[in-house]
Structures are given as structure tokens and as C-alpha cells.
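Okay, query31.csv is below, CSV, N, CA and C atoms:
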chain,number,residue,atom,x,y,z
A,209,MET,N,-45.8,54.0,30.4
A,209,MET,CA,-47.0,53.3,30.2
A,209,MET,C,-48.1,54.4,30.2
A,210,PHE,N,-48.4,55.0,31.3
A,210,PHE,CA,-49.4,56.1,31.4
A,210,PHE,C,-48.6,57.4,31.4
A,211,ASP,N,-49.2,58.4,30.9
A,211,ASP,CA,-48.6,59.7,30.8
A,211,ASP,C,-49.1,60.5,32.1
A,212,ILE,N,-48.5,60.2,33.2
A,212,ILE,CA,-48.9,60.9,34.4
A,212,ILE,C,-47.7,61.8,34.9
A,213,GLY,N,-48.0,63.0,35.1
A,213,GLY,CA,-47.0,64.0,35.6
A,213,GLY,C,-46.9,64.0,37.1
A,214,PHE,N,-46.0,64.8,37.6
A,214,PHE,CA,-45.8,64.9,39.0
A,214,PHE,C,-47.0,65.5,39.8
A,215,THR,N,-47.6,66.5,39.2
A,215,THR,CA,-48.8,67.1,39.9
A,215,THR,C,-49.9,66.1,40.0
A,216,GLU,N,-50.1,65.2,39.0
A,216,GLU,CA,-51.2,64.2,39.1
A,216,GLU,C,-50.9,63.2,40.2
A,217,LEU,N,-49.6,62.8,40.3
A,217,LEU,CA,-49.2,61.9,41.4
A,217,LEU,C,-49.4,62.5,42.8
A,218,VAL,N,-49.1,63.8,42.9
A,218,VAL,CA,-49.3,64.4,44.2
A,218,VAL,C,-50.8,64.5,44.5
A,219,LEU,N,-51.7,64.8,43.5
A,219,LEU,CA,-53.1,64.8,43.7
A,219,LEU,C,-53.6,63.4,44.1
A,220,ILE,N,-53.2,62.4,43.5
A,220,ILE,CA,-53.6,61.0,43.8
A,220,ILE,C,-53.2,60.6,45.2
A,221,GLY,N,-52.0,61.0,45.6
A,221,GLY,CA,-51.5,60.8,47.0
A,221,GLY,C,-52.3,61.5,48.0
A,222,ILE,N,-52.7,62.7,47.8
A,222,ILE,CA,-53.5,63.5,48.7
A,222,ILE,C,-54.9,62.8,48.9
A,223,VAL,N,-55.5,62.5,47.7
A,223,VAL,CA,-56.8,61.8,47.8
A,223,VAL,C,-56.7,60.5,48.5
A,224,ALA,N,-55.7,59.7,48.3
A,224,ALA,CA,-55.5,58.4,48.9
A,224,ALA,C,-55.3,58.6,50.4
A,225,LEU,N,-54.6,59.6,50.8
A,225,LEU,CA,-54.4,59.9,52.3
A,225,LEU,C,-55.7,60.3,52.9
A,226,LEU,N,-56.5,61.1,52.3
A,226,LEU,CA,-57.8,61.5,52.8
A,226,LEU,C,-58.8,60.3,52.9
A,227,VAL,N,-58.8,59.4,51.9
A,227,VAL,CA,-59.7,58.3,51.8
A,227,VAL,C,-59.3,57.2,52.8
A,228,LEU,N,-58.0,56.8,52.7
A,228,LEU,CA,-57.6,55.6,53.5
A,228,LEU,C,-57.1,56.0,54.9
A,229,GLY,N,-56.6,57.2,55.0
A,229,GLY,CA,-56.0,57.6,56.3
A,229,GLY,C,-54.6,57.2,56.4
A,230,PRO,N,-53.9,57.9,57.4
A,230,PRO,CA,-52.4,57.7,57.5
A,230,PRO,C,-52.1,56.3,58.0
A,231,ASP,N,-52.9,55.5,58.6
A,231,ASP,CA,-52.6,54.2,59.2
A,231,ASP,C,-52.6,53.1,58.0
A,232,ARG,N,-53.6,53.2,57.2
A,232,ARG,CA,-53.7,52.1,56.1
A,232,ARG,C,-53.0,52.5,54.8
A,233,LEU,N,-52.6,53.8,54.6
A,233,LEU,CA,-51.9,54.2,53.4
A,233,LEU,C,-50.7,53.5,53.0
A,234,PRO,N,-49.7,53.2,54.0
A,234,PRO,CA,-48.5,52.5,53.6
A,234,PRO,C,-48.8,51.0,53.2
A,235,GLY,N,-49.7,50.4,53.8
A,235,GLY,CA,-50.1,49.0,53.4
A,235,GLY,C,-50.8,49.0,52.0
A,236,ALA,N,-51.7,50.0,51.8
A,236,ALA,CA,-52.3,50.1,50.5
A,236,ALA,C,-51.3,50.3,49.4
A,237,ALA,N,-50.3,51.2,49.6
A,237,ALA,CA,-49.3,51.5,48.6
A,237,ALA,C,-48.5,50.3,48.3
A,238,ARG,N,-48.2,49.5,49.4
A,238,ARG,CA,-47.4,48.3,49.2
A,238,ARG,C,-48.2,47.3,48.3
A,239,VAL,N,-49.5,47.1,48.6
A,239,VAL,CA,-50.3,46.2,47.8
A,239,VAL,C,-50.4,46.6,46.4
A,240,ALA,N,-50.6,47.9,46.2
A,240,ALA,CA,-50.7,48.5,44.9
A,240,ALA,C,-49.4,48.3,44.1
A,241,GLY,N,-48.3,48.5,44.8
A,241,GLY,CA,-47.0,48.3,44.1
A,241,GLY,C,-46.8,46.8,43.7
A,242,LEU,N,-47.2,45.9,44.6
A,242,LEU,CA,-47.1,44.5,44.3
A,242,LEU,C,-48.0,44.1,43.1
A,243,TRP,N,-49.2,44.6,43.1
A,243,TRP,CA,-50.1,44.4,41.9
A,243,TRP,C,-49.5,44.9,40.6
A,244,LEU,N,-49.0,46.1,40.7
A,244,LEU,CA,-48.4,46.8,39.5
A,244,LEU,C,-47.2,46.0,39.0
A,245,GLY,N,-46.4,45.4,40.0
A,245,GLY,CA,-45.3,44.6,39.6
A,245,GLY,C,-45.7,43.3,38.9
A,246,ARG,N,-46.8,42.7,39.4
A,246,ARG,CA,-47.3,41.5,38.8
A,246,ARG,C,-47.8,41.7,37.4
A,247,ILE,N,-48.5,42.8,37.3
A,247,ILE,CA,-49.1,43.2,36.0
A,247,ILE,C,-48.0,43.4,35.0
A,248,LYS,N,-46.9,44.2,35.4
A,248,LYS,CA,-45.8,44.4,34.5
A,248,LYS,C,-45.1,43.1,34.1
A,249,ARG,N,-44.9,42.2,35.1
A,249,ARG,CA,-44.2,41.0,34.8
A,249,ARG,C,-45.1,40.1,33.8
A,250,GLY,N,-46.4,40.2,34.0
A,250,GLY,CA,-47.3,39.4,33.1
A,250,GLY,C,-47.2,39.9,31.7
A,251,PHE,N,-47.2,41.3,31.6
A,251,PHE,CA,-47.1,41.9,30.2
A,251,PHE,C,-45.8,41.6,29.6
A,252,ASN,N,-44.7,41.6,30.4
A,252,ASN,CA,-43.4,41.4,29.9
A,252,ASN,C,-43.3,39.9,29.4
A,253,SER,N,-43.8,39.0,30.2
A,253,SER,CA,-43.7,37.6,29.8
A,253,SER,C,-44.5,37.3,28.5
A,254,ILE,N,-45.7,37.9,28.4
A,254,ILE,CA,-46.5,37.8,27.2
A,254,ILE,C,-45.7,38.4,26.0
A,255,LYS,N,-45.1,39.5,26.2
A,255,LYS,CA,-44.3,40.2,25.2
A,255,LYS,C,-43.2,39.3,24.7
A,256,GLU,N,-42.5,38.7,25.7
A,256,GLU,CA,-41.4,37.8,25.4
A,256,GLU,C,-41.8,36.6,24.6
A,257,ASP,N,-43.0,36.0,25.0
A,257,ASP,CA,-43.5,34.8,24.3
A,257,ASP,C,-43.9,35.2,22.9
A,258,VAL,N,-44.5,36.3,22.7
A,258,VAL,CA,-44.9,36.7,21.3
A,258,VAL,C,-43.6,37.0,20.5
A,259,GLU,N,-42.6,37.6,21.0
A,259,GLU,CA,-41.4,37.9,20.3
A,259,GLU,C,-40.7,36.6,20.0
A,260,ARG,N,-40.7,35.6,20.9
A,260,ARG,CA,-40.0,34.3,20.7
A,260,ARG,C,-40.8,33.6,19.6
A,261,GLU,N,-42.1,33.6,19.6
A,261,GLU,CA,-42.9,32.9,18.6
A,261,GLU,C,-42.6,33.6,17.2
A,262,LEU,N,-42.6,34.9,17.2
A,262,LEU,CA,-42.3,35.6,15.9
A,262,LEU,C,-41.0,35.2,15.4
A,263,GLY,N,-40.0,35.2,16.3
A,263,GLY,CA,-38.6,34.8,15.9
A,263,GLY,C,-38.6,33.4,15.4
A,264,ALA,N,-39.4,32.5,16.0
A,264,ALA,CA,-39.4,31.1,15.6
A,264,ALA,C,-40.1,31.0,14.2
A,265,ASP,N,-41.2,31.7,14.0
A,265,ASP,CA,-41.8,31.8,12.7
A,265,ASP,C,-40.9,32.3,11.6
A,266,GLU,N,-40.1,33.3,12.0
A,266,GLU,CA,-39.2,33.9,11.0
A,266,GLU,C,-38.1,32.8,10.6
A,267,ILE,N,-37.6,32.1,11.6
A,267,ILE,CA,-36.6,31.1,11.4
A,267,ILE,C,-37.2,30.0,10.5
A,268,ARG,N,-38.4,29.5,10.8
A,268,ARG,CA,-39.1,28.5,10.0
A,268,ARG,C,-39.3,29.0,8.6
A,269,ARG,N,-39.7,30.3,8.4
A,269,ARG,CA,-39.9,30.8,7.1
A,269,ARG,C,-38.5,30.8,6.3
A,270,GLU,N,-37.5,31.2,7.0
A,270,GLU,CA,-36.2,31.3,6.3
A,270,GLU,C,-35.7,29.9,5.9
A,271,LEU,N,-35.9,28.9,6.8
A,271,LEU,CA,-35.5,27.5,6.5
A,271,LEU,C,-36.3,27.0,5.3
A,272,HIS,N,-37.6,27.3,5.3
A,272,HIS,CA,-38.5,26.9,4.2
A,272,HIS,C,-38.0,27.5,2.9
A,273,ASN,N,-37.7,28.8,2.9
A,273,ASN,CA,-37.2,29.5,1.7
A,273,ASN,C,-35.9,28.9,1.3
A,274,GLU,N,-35.0,28.6,2.2
A,274,GLU,CA,-33.7,28.0,1.8
A,274,GLU,C,-33.9,26.7,1.2
A,275,GLY,N,-34.9,25.9,1.7
A,275,GLY,CA,-35.2,24.6,1.0
A,275,GLY,C,-35.7,24.8,-0.4
A,276,ILE,N,-36.6,25.7,-0.6
A,276,ILE,CA,-37.1,26.0,-1.9
A,276,ILE,C,-35.9,26.5,-2.8
A,277,LEU,N,-35.1,27.3,-2.4
A,277,LEU,CA,-34.0,27.8,-3.2
A,277,LEU,C,-33.0,26.6,-3.5
A,278,GLU,N,-32.8,25.7,-2.6
A,278,GLU,CA,-31.9,24.6,-2.9
A,278,GLU,C,-32.6,23.7,-4.0
A,279,LYS,N,-33.9,23.5,-3.9
A,279,LYS,CA,-34.5,22.7,-4.9
A,279,LYS,C,-34.4,23.4,-6.3
A,280,GLU,N,-34.6,24.7,-6.3
A,280,GLU,CA,-34.5,25.5,-7.6
A,280,GLU,C,-33.1,25.4,-8.1
A,281,ARG,N,-32.1,25.5,-7.3
A,281,ARG,CA,-30.7,25.3,-7.7
A,281,ARG,C,-30.5,24.0,-8.3
A,282,LYS,N,-31.0,22.9,-7.7
A,282,LYS,CA,-30.8,21.6,-8.3
A,282,LYS,C,-31.5,21.5,-9.6
A,283,MET,N,-32.7,22.0,-9.7
A,283,MET,CA,-33.4,21.9,-11.0
A,283,MET,C,-32.7,22.7,-12.1
A,284,LEU,N,-32.1,23.9,-11.7
A,284,LEU,CA,-31.4,24.7,-12.7
A,284,LEU,C,-30.1,24.0,-13.1
A,285,LYS,N,-29.4,23.3,-12.2
A,285,LYS,CA,-28.2,22.6,-12.5
A,285,LYS,C,-28.5,21.4,-13.5
A,286,GLU,N,-29.6,20.7,-13.1
A,286,GLU,CA,-30.0,19.6,-14.0
A,286,GLU,C,-30.4,20.0,-15.4
A,287,THR,N,-31.1,21.1,-15.5
A,287,THR,CA,-31.5,21.7,-16.8
A,287,THR,C,-30.3,22.1,-17.6
A,288,ALA,N,-29.3,22.8,-16.9
A,288,ALA,CA,-28.1,23.3,-17.6
A,288,ALA,C,-27.3,22.1,-18.0
A,289,ASP,N,-27.2,21.0,-17.2
A,289,ASP,CA,-26.5,19.8,-17.6
A,289,ASP,C,-27.1,19.2,-18.9
A,290,LYS,N,-28.5,19.1,-18.9
A,290,LYS,CA,-29.2,18.5,-20.0
A,290,LYS,C,-28.9,19.3,-21.3
A,291,ALA,N,-29.0,20.7,-21.1
A,291,ALA,CA,-28.8,21.6,-22.2
A,291,ALA,C,-27.4,21.4,-22.8
A,292,ASN,N,-26.4,21.3,-21.9
A,292,ASN,CA,-25.0,21.2,-22.3
A,292,ASN,C,-24.9,19.9,-23.1
A,293,LYS,N,-25.5,18.8,-22.6
A,293,LYS,CA,-25.4,17.5,-23.2
A,293,LYS,C,-26.0,17.6,-24.6
A,294,VAL,N,-27.2,18.2,-24.7
A,294,VAL,CA,-27.9,18.3,-26.0
A,294,VAL,C,-27.1,19.1,-27.0
A,295,LEU,N,-26.5,20.2,-26.5
A,295,LEU,CA,-25.7,21.0,-27.4
A,295,LEU,C,-24.4,20.4,-27.8
A,296,SER,N,-23.8,19.6,-26.9
A,296,SER,CA,-22.6,19.0,-27.2
A,296,SER,C,-22.7,17.9,-28.2
A,297,ASP,N,-23.9,17.2,-28.3
A,297,ASP,CA,-24.1,16.2,-29.3
A,297,ASP,C,-24.4,16.8,-30.7
A,298,LYS,N,-24.7,18.0,-30.8
A,298,LYS,CA,-24.9,18.8,-32.0
A,298,LYS,C,-26.1,18.3,-32.8
A,299,PRO,N,-27.2,17.9,-32.2
A,299,PRO,CA,-28.4,17.6,-33.0
A,299,PRO,C,-29.0,18.9,-33.5
A,300,MET,N,-28.8,20.0,-32.7
A,300,MET,CA,-29.4,21.2,-33.1
A,300,MET,C,-28.7,21.8,-34.3
A,301,GLN,N,-27.4,21.5,-34.5
A,301,GLN,CA,-26.7,21.9,-35.7
A,301,GLN,C,-27.3,21.2,-36.9
A,302,ASN,N,-27.6,19.9,-36.8
A,302,ASN,CA,-28.1,19.2,-37.9
A,302,ASN,C,-29.5,19.7,-38.2
A,303,LEU,N,-30.3,20.0,-37.1
A,303,LEU,CA,-31.7,20.4,-37.3
A,303,LEU,C,-31.7,21.8,-38.0
A,304,PHE,N,-30.8,22.7,-37.6
A,304,PHE,CA,-30.6,24.0,-38.2
A,304,PHE,C,-30.3,23.8,-39.7
A,305,GLU,N,-29.3,23.0,-40.0
A,305,GLU,CA,-28.9,22.8,-41.4
A,305,GLU,C,-30.0,22.2,-42.2
A,306,ASP,N,-30.7,21.3,-41.6
A,306,ASP,CA,-31.9,20.7,-42.4
A,306,ASP,C,-32.9,21.7,-42.7
A,307,THR,N,-33.1,22.7,-41.8
A,307,THR,CA,-34.1,23.7,-42.0
A,307,THR,C,-33.6,24.8,-43.0
A,308,VAL,N,-32.4,25.1,-42.9
A,308,VAL,CA,-31.8,26.2,-43.7
A,308,VAL,C,-31.7,25.8,-45.2
A,309,LYS,N,-31.3,24.6,-45.4
A,309,LYS,CA,-31.0,24.1,-46.8
A,309,LYS,C,-32.2,24.2,-47.7
A,310,PRO,N,-33.4,23.8,-47.3
A,310,PRO,CA,-34.6,23.9,-48.2
A,310,PRO,C,-34.9,25.4,-48.4
A,311,ILE,N,-34.7,26.2,-47.4
A,311,ILE,CA,-35.0,27.6,-47.6
A,311,ILE,C,-34.1,28.3,-48.6
A,312,GLU,N,-32.8,27.9,-48.5
A,312,GLU,CA,-31.8,28.5,-49.4
A,312,GLU,C,-32.1,28.0,-50.9
A,313,LYS,N,-32.5,26.7,-51.0
A,313,LYS,CA,-32.9,26.2,-52.3
A,313,LYS,C,-34.0,27.0,-52.9
A,314,MET,N,-35.0,27.3,-52.1
A,314,MET,CA,-36.2,28.0,-52.6
A,314,MET,C,-35.8,29.4,-53.0
A,315,LEU,N,-35.0,30.0,-52.2
A,315,LEU,CA,-34.5,31.4,-52.6
A,315,LEU,C,-33.7,31.4,-53.8
A,316,ASP,N,-32.8,30.4,-54.0
A,316,ASP,CA,-32.0,30.3,-55.2
A,316,ASP,C,-32.9,30.0,-56.4
A,317,SER,N,-33.8,29.2,-56.3
A,317,SER,CA,-34.7,28.9,-57.4
A,317,SER,C,-35.6,30.0,-57.8
A,318,ASP,N,-36.0,30.8,-56.9
A,318,ASP,CA,-36.8,32.0,-57.2
A,318,ASP,C,-36.0,33.1,-57.9
A,319,ILE,N,-34.7,33.2,-57.6
A,319,ILE,CA,-33.9,34.2,-58.2
A,319,ILE,C,-33.5,33.8,-59.6
A,320,THR,N,-33.2,32.5,-59.8
A,320,THR,CA,-32.7,32.0,-61.1
A,320,THR,C,-33.9,31.8,-62.1
A,321,GLN,N,-35.1,31.4,-61.6
A,321,GLN,CA,-36.2,31.2,-62.5
A,321,GLN,C,-36.9,32.5,-62.8
A,322,PRO,N,-37.0,32.8,-64.1
A,322,PRO,CA,-37.8,34.0,-64.4
A,322,PRO,C,-39.3,33.8,-64.2
A,323,THR,N,-40.0,34.8,-63.9
A,323,THR,CA,-41.4,34.7,-63.7
A,323,THR,C,-42.1,34.9,-65.0
A,324,ASP,N,-43.4,34.7,-65.0
A,324,ASP,CA,-44.1,34.8,-66.3
A,324,ASP,C,-44.1,36.2,-66.8
A,325,SER,N,-44.2,37.2,-65.9
A,325,SER,CA,-44.1,38.6,-66.4
A,325,SER,C,-42.8,38.9,-67.0
A,326,ASP,N,-41.7,38.3,-66.5
A,326,ASP,CA,-40.3,38.6,-67.0
A,326,ASP,C,-40.2,38.0,-68.4
A,327,THR,N,-40.8,36.8,-68.6
A,327,THR,CA,-40.7,36.2,-70.0
A,327,THR,C,-41.5,36.9,-71.0
A,328,THR,N,-42.7,37.5,-70.6
A,328,THR,CA,-43.5,38.2,-71.5
A,328,THR,C,-42.8,39.5,-71.9
A,329,LYS,N,-42.2,40.2,-71.0
A,329,LYS,CA,-41.4,41.4,-71.2
A,329,LYS,C,-40.3,41.1,-72.2
A,330,GLN,N,-39.6,40.0,-72.0
A,330,GLN,CA,-38.5,39.7,-72.9
A,330,GLN,C,-39.0,39.4,-74.3
A,331,GLU,N,-40.1,38.7,-74.4
A,331,GLU,CA,-40.7,38.4,-75.7
A,331,GLU,C,-41.1,39.6,-76.4
A,332,GLN,N,-41.7,40.6,-75.7
A,332,GLN,CA,-42.2,41.8,-76.3
A,332,GLN,C,-41.0,42.7,-76.8
A,333,ALA,N,-39.9,42.6,-76.1
A,333,ALA,CA,-38.7,43.4,-76.4
A,333,ALA,C,-38.1,42.8,-77.7
A,334,LYS,N,-38.3,41.6,-78.0
A,334,LYS,CA,-37.7,41.0,-79.2
A,334,LYS,C,-38.5,41.4,-80.4

Mind turning this structure into C-alpha cells?
Amino acid sequence: MFDIGFTELVLIGIVALLVLGPDRLPGAARVAGLWLGRIKRGFNSIKEDVERELGADEIRRELHNEGILEKERKMLKETADKANKVLSDKPMQNLFEDTVKPIEKMLDSDITQPTDSDTTKQEQAK
């Protein structure tokens, strides 16, 4: 927790011995140790509570994400089923054929019908 070396501890001990005296120093050390133990336990309990809450939040988030994924899977399956049904009935085939036939007729008529410039060239050649 704190970065205190051996020399600092010896210095604190000597100052405490001079200030408190040899009679009260053991009682003061015991009280200080009890207070430090309480503070450590308090910090550890707060740390555990926070970790537990974070873990619970993570579990809630995962469950929520799994629920969303399940809904998406259902929607995808329903869409795929509808698409398969539509494609198996072949209305798209009929729609495609209805669209392609007029275009093919237009292309065939453009190729077979001579344009005005073609007819004038043919007349000039005669």
C-alpha cells in the first residue's frame, strides 16, 4: 500500500518510543494495528462489493446480448423461410420473364427495322 522501507520503519519506531515512552508504546502499537486491520478489511469489503457488482453487470449485459441475438436469429430464420417460400412459388421467374420479353422484342425490332439514314443510303446507292 505505502512504499515504506526498513529505515523509515525504524525511524518511526524511535520517534514513537521517545514520544509515548516505553510503558504506553505496546498499547499504542496494538491499537494502531487494530485500526490498520479494520481499515484493510473495510477496503477489501468495498473492493469485493465493487467486483461483485461489476460481475453482475457483466452477466446482465451478456444475458441482454444473448436475448438480442436470439431475436435476430428468429427474424433471420423467418425472413429466410419467407424468401424460400417466395422463390419456391416462382413468381420471380414470371416477373423476370415478363420484364425480359418486352426488352428482347425492342432489341429485335431495332435490329430488323432499318433506320431513316439506312434507307436514304440504300436509295442513293441505287

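Across the model, the gap from atom C of Asp211 in chain A to CA of Glu259 in chain A is 26.6 Å.
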
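CA of Ala237 in chain A sits 13.7 Å away from atom C of Val218 in chain A.
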
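Note that the spacing between CA of Val223 in chain A and atom N of Arg246 in chain A amounts to 23.1 Å.
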